[in-house]
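Quick notes on the structure that follows.
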Amino acid sequence: MKNKTSGKSGNALPSRWDAQWRKQFSRLTKFRAHEGRWPKVTEEFPARNRIGQWANRQRELRERGELEAGRVRLLREAGFAWKKNDERASHWNGQYEHLVEFRRRFPGDWPFARQEFPKGNRLGLWVWRQRQAFSYRRLPRKRIR
């Protein structure tokens with residue numbers, strides 16, 4: 001019997017899932033060409049298409065040895081970054097940079113709990129959470145410095 005779903009057999013008929021994978025791969029390479037980087041897990045491209053989650057899923061499948069060799073080859077040829085980004089560390093570092101900029105612009109001030117900086121970014125809440133983590137001794141020394 002032919003394998004109709006995975007495309008693994010040389011004689012297998014491509015399934016709609018194969019077509020969907022190729023479509024997402026195309027979107028991924030377009031994102032890379034447009035942005036000059038690979039998508040973060042939370043990013044969408046185009047709107048309402050979770051390309052970042054899809055890319056991360058390819059990484060997970062490859063780690064488990066469940067990503068078809070042809071797909072691995074296509075991603076490798078596109079220069080795909082197989083290493084997963086540490087999204088939490090990335091977020092913390094980004095917020096820290098916003099805080100540095102805030103302090104540069106407003107020396108002597110600290111953002112209050114509901115303050116946004118830059119617009120739409122809840123920097124005040126982030127600062128409050130860092131204070132909480134510090135008081136519960138959950139903030140690593142590196143971050144305290």
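Each chain in the structure tokens gets a letter, A, B and so on, in the order shown; residues start at 1 in every chain, and ligands are counted from 1 in the order they appear.
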
Would you mind listing what lies within 9 Å of Gly52 (chain A) as a compact mmCIF listing (two decimals) with N, CA and C atoms, in the first residue's frame, with only C-alpha atoms counted and same-chain residues fewer than 2 positions away left out?
```txt
# COMPACT_ATOMS: atom_id res chain seq x y z
N LEU A 28 7.91 31.10 4.90
CA LEU A 28 9.08 31.24 5.76
C LEU A 28 10.24 31.90 5.02
N TRP A 38 15.07 35.01 10.86
CA TRP A 38 14.02 34.00 10.99
C TRP A 38 12.99 34.50 12.00
N PRO A 39 11.74 34.06 11.88
CA PRO A 39 10.69 34.58 12.77
C PRO A 39 10.81 34.11 14.21
N LYS A 40 10.38 34.97 15.11
CA LYS A 40 10.25 34.59 16.52
C LYS A 40 9.00 33.74 16.65
N VAL A 41 8.92 32.97 17.71
CA VAL A 41 7.80 32.05 17.90
C VAL A 41 6.46 32.77 17.83
N THR A 42 6.40 33.99 18.31
CA THR A 42 5.12 34.70 18.40
C THR A 42 4.74 35.44 17.12
N GLU A 43 5.60 35.42 16.11
CA GLU A 43 5.33 36.22 14.91
C GLU A 43 4.40 35.53 13.92
N GLU A 44 3.66 36.38 13.22
CA GLU A 44 2.75 35.93 12.17
C GLU A 44 3.20 36.52 10.84
N PHE A 45 3.04 35.73 9.77
CA PHE A 45 3.36 36.22 8.43
C PHE A 45 2.74 35.26 7.44
N ASN A 49 -1.21 34.02 10.26
CA ASN A 49 -0.50 32.78 9.94
C ASN A 49 0.69 32.69 10.89
N ARG A 50 0.65 31.76 11.78
CA ARG A 50 1.66 31.64 12.84
C ARG A 50 2.95 31.02 12.32
N TRP A 54 5.20 27.61 13.40
CA TRP A 54 5.47 26.58 12.41
C TRP A 54 6.97 26.30 12.33
N ALA A 55 7.78 27.36 12.28
CA ALA A 55 9.23 27.20 12.20
C ALA A 55 9.75 26.46 13.43
N ASN A 56 9.24 26.83 14.59
CA ASN A 56 9.66 26.17 15.82
C ASN A 56 9.28 24.69 15.81
N ARG A 57 8.13 24.38 15.25
CA ARG A 57 7.67 22.99 15.15
C ARG A 57 8.63 22.18 14.27
```

Q. What does the distance between CA of Arg129 (chain A) and CA of Gln53 (chain A) come to in Å, to one decimal place?
A.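 Value for the CA of Arg129 (chain A)-CA of Gln53 (chain A) distance: 26.5 Å.
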
(Q) Excluding Gln95 (chain A) and its own-chain neighbours fewer than 5 positions away, which residues fall within 9 Å of it when counting only C-alpha atoms? Please give them as a VMD selection string. (A) chain A and resid 90 100 121 123 126 to 127

Q) What is the distance, in Å and to one decimal place, between CA of Gly36 (chain A) and CA of Lys83 (chain A)? A) 16.6 Å

Which residues are near Phe117 (chain A)? Cut-off 8 Å, only C-alpha atoms, ignore same chain within fewer than 5 positions. Put them as an mmCIF file with C-alpha atoms, in the first residue's frame.
```cif
data_model
loop_
_atom_site.group_PDB
_atom_site.id
_atom_site.type_symbol
_atom_site.label_atom_id
_atom_site.label_comp_id
_atom_site.auth_asym_id
_atom_site.auth_seq_id
_atom_site.Cartn_x
_atom_site.Cartn_y
_atom_site.Cartn_z
ATOM 1 C CA HIS A 98 13.938 49.805 27.041
ATOM 2 C CA PHE A 102 13.904 55.288 29.663
ATOM 3 C CA ARG A 122 4.305 47.733 29.494
ATOM 4 C CA LEU A 123 7.732 48.602 30.870
ATOM 5 C CA GLY A 124 6.389 49.681 34.263
#
```

Q: Find the residue from A:Arg141, A:Arg88, A:Arg104, A:Phe25 that sits nearest to Val72 (chain A); use only C-alpha atoms when measuring.
A: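 Comparing A:Arg141, A:Arg88, A:Arg104, A:Phe25 against Val72 (chain A), the winner is A:Phe25.
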
Cut-off 12 Å: closest region 77-130 of chain A/region 59-70 of chain A atom pairs per residue, using only C-alpha atoms, as CSV:
```
residue,atom,partner,partner_atom,distance
A:Glu77,CA,A:Gly70,CA,10.5
A:Phe80,CA,A:Arg59,CA,9.5
A:Ala81,CA,A:Arg59,CA,8.7
A:Trp82,CA,A:Arg59,CA,5.8
A:Lys83,CA,A:Arg59,CA,7.5
A:Lys84,CA,A:Arg59,CA,7.3
A:Asn85,CA,A:Arg59,CA,10.7
```

Q) To one decimal place, how far is CA of Arg145 (chain A) from CA of Arg103 (chain A) in Å? A)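 So the two atoms, CA of Arg145 (chain A) and CA of Arg103 (chain A), lie 15.7 Å apart.
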
Q: Once DSSP has gone over the backbone, tell me which residues of chain A are in helix (DSSP H, G or I), as a ChimeraX atom specification.
A: /A:16-35,51-63,69-77,87-105,123-135,141-144

Write the residues of the preceding selection, restricted to C-alpha atoms, as a PDB file, in the first residue's frame.
```pdb
ATOM      1  CA  ARG A  16      -2.782  18.207   1.167  1.00  0.00           C
ATOM      2  CA  TRP A  17      -0.411  18.264   4.170  1.00  0.00           C
ATOM      3  CA  ASP A  18       2.557  18.175   1.808  1.00  0.00           C
ATOM      4  CA  ALA A  19       1.086  21.097  -0.108  1.00  0.00           C
ATOM      5  CA  GLN A  20       0.513  22.962   3.161  1.00  0.00           C
ATOM      6  CA  TRP A  21       4.116  22.315   4.229  1.00  0.00           C
ATOM      7  CA  ARG A  22       5.430  23.685   0.929  1.00  0.00           C
ATOM      8  CA  LYS A  23       3.188  26.752   1.301  1.00  0.00           C
ATOM      9  CA  GLN A  24       4.502  27.412   4.819  1.00  0.00           C
ATOM     10  CA  PHE A  25       8.082  26.863   3.662  1.00  0.00           C
ATOM     11  CA  SER A  26       7.522  29.459   0.938  1.00  0.00           C
ATOM     12  CA  ARG A  27       6.125  31.908   3.488  1.00  0.00           C
ATOM     13  CA  LEU A  28       9.084  31.240   5.764  1.00  0.00           C
ATOM     14  CA  THR A  29      11.607  32.041   3.033  1.00  0.00           C
ATOM     15  CA  LYS A  30       9.646  35.186   2.101  1.00  0.00           C
ATOM     16  CA  PHE A  31       9.697  36.277   5.744  1.00  0.00           C
ATOM     17  CA  ARG A  32      13.459  35.729   5.838  1.00  0.00           C
ATOM     18  CA  ALA A  33      13.971  37.715   2.611  1.00  0.00           C
ATOM     19  CA  HIS A  34      11.769  40.557   3.871  1.00  0.00           C
ATOM     20  CA  GLU A  35      12.993  40.751   7.492  1.00  0.00           C
ATOM     21  CA  ILE A  51       4.867  31.256  10.877  1.00  0.00           C
ATOM     22  CA  GLY A  52       7.015  31.481  14.020  1.00  0.00           C
ATOM     23  CA  GLN A  53       5.212  28.560  15.626  1.00  0.00           C
ATOM     24  CA  TRP A  54       5.469  26.581  12.409  1.00  0.00           C
ATOM     25  CA  ALA A  55       9.233  27.199  12.201  1.00  0.00           C
ATOM     26  CA  ASN A  56       9.663  26.171  15.822  1.00  0.00           C
ATOM     27  CA  ARG A  57       7.675  22.995  15.154  1.00  0.00           C
ATOM     28  CA  GLN A  58      10.108  22.090  12.357  1.00  0.00           C
ATOM     29  CA  ARG A  59      12.973  22.425  14.845  1.00  0.00           C
ATOM     30  CA  GLU A  60      11.184  20.163  17.327  1.00  0.00           C
ATOM     31  CA  LEU A  61      10.378  17.552  14.696  1.00  0.00           C
ATOM     32  CA  ARG A  62      14.000  17.499  13.530  1.00  0.00           C
ATOM     33  CA  GLU A  63      15.264  17.129  17.114  1.00  0.00           C
ATOM     34  CA  ALA A  69      14.893  14.155   5.180  1.00  0.00           C
ATOM     35  CA  GLY A  70      13.773  16.093   2.098  1.00  0.00           C
ATOM     36  CA  ARG A  71      12.273  18.796   4.289  1.00  0.00           C
ATOM     37  CA  VAL A  72      15.411  18.953   6.424  1.00  0.00           C
ATOM     38  CA  ARG A  73      17.425  19.370   3.214  1.00  0.00           C
ATOM     39  CA  LEU A  74      15.196  22.194   1.938  1.00  0.00           C
ATOM     40  CA  LEU A  75      15.373  24.033   5.244  1.00  0.00           C
ATOM     41  CA  ARG A  76      19.144  23.518   5.447  1.00  0.00           C
ATOM     42  CA  GLU A  77      19.601  24.825   1.891  1.00  0.00           C
ATOM     43  CA  GLU A  87      12.255  33.690  24.027  1.00  0.00           C
ATOM     44  CA  ARG A  88      12.200  34.518  27.742  1.00  0.00           C
ATOM     45  CA  ALA A  89      15.804  35.683  27.761  1.00  0.00           C
ATOM     46  CA  SER A  90      15.166  37.648  24.579  1.00  0.00           C
ATOM     47  CA  HIS A  91      12.167  39.367  26.154  1.00  0.00           C
ATOM     48  CA  TRP A  92      14.080  40.175  29.350  1.00  0.00           C
ATOM     49  CA  ASN A  93      17.011  41.632  27.394  1.00  0.00           C
ATOM     50  CA  GLY A  94      14.661  43.714  25.243  1.00  0.00           C
ATOM     51  CA  GLN A  95      12.869  45.107  28.274  1.00  0.00           C
ATOM     52  CA  TYR A  96      16.190  45.877  29.936  1.00  0.00           C
ATOM     53  CA  GLU A  97      17.228  47.872  26.865  1.00  0.00           C
ATOM     54  CA  HIS A  98      13.938  49.805  27.041  1.00  0.00           C
ATOM     55  CA  LEU A  99      14.634  50.539  30.705  1.00  0.00           C
ATOM     56  CA  VAL A 100      18.126  51.810  29.900  1.00  0.00           C
ATOM     57  CA  GLU A 101      16.628  54.117  27.260  1.00  0.00           C
ATOM     58  CA  PHE A 102      13.904  55.288  29.663  1.00  0.00           C
ATOM     59  CA  ARG A 103      16.500  56.155  32.310  1.00  0.00           C
ATOM     60  CA  ARG A 104      18.601  57.964  29.697  1.00  0.00           C
ATOM     61  CA  ARG A 105      15.638  60.099  28.644  1.00  0.00           C
ATOM     62  CA  LEU A 123       7.732  48.602  30.870  1.00  0.00           C
ATOM     63  CA  GLY A 124       6.389  49.681  34.263  1.00  0.00           C
ATOM     64  CA  LEU A 125       4.814  46.275  34.822  1.00  0.00           C
ATOM     65  CA  TRP A 126       8.064  44.587  33.830  1.00  0.00           C
ATOM     66  CA  VAL A 127      10.022  46.726  36.327  1.00  0.00           C
ATOM     67  CA  TRP A 128       7.480  45.865  39.039  1.00  0.00           C
ATOM     68  CA  ARG A 129       7.920  42.143  38.264  1.00  0.00           C
ATOM     69  CA  GLN A 130      11.694  42.478  38.543  1.00  0.00           C
ATOM     70  CA  ARG A 131      11.267  44.070  41.976  1.00  0.00           C
ATOM     71  CA  GLN A 132       8.984  41.216  43.006  1.00  0.00           C
ATOM     72  CA  ALA A 133      11.455  38.611  41.773  1.00  0.00           C
ATOM     73  CA  PHE A 134      14.228  40.373  43.680  1.00  0.00           C
ATOM     74  CA  SER A 135      12.223  40.491  46.914  1.00  0.00           C
ATOM     75  CA  ARG A 141      22.678  37.762  40.291  1.00  0.00           C
ATOM     76  CA  LYS A 142      23.538  38.527  36.678  1.00  0.00           C
ATOM     77  CA  ARG A 143      20.230  40.328  36.255  1.00  0.00           C
ATOM     78  CA  ILE A 144      20.541  42.123  39.567  1.00  0.00           C
TER      79      ILE A 144
END
```
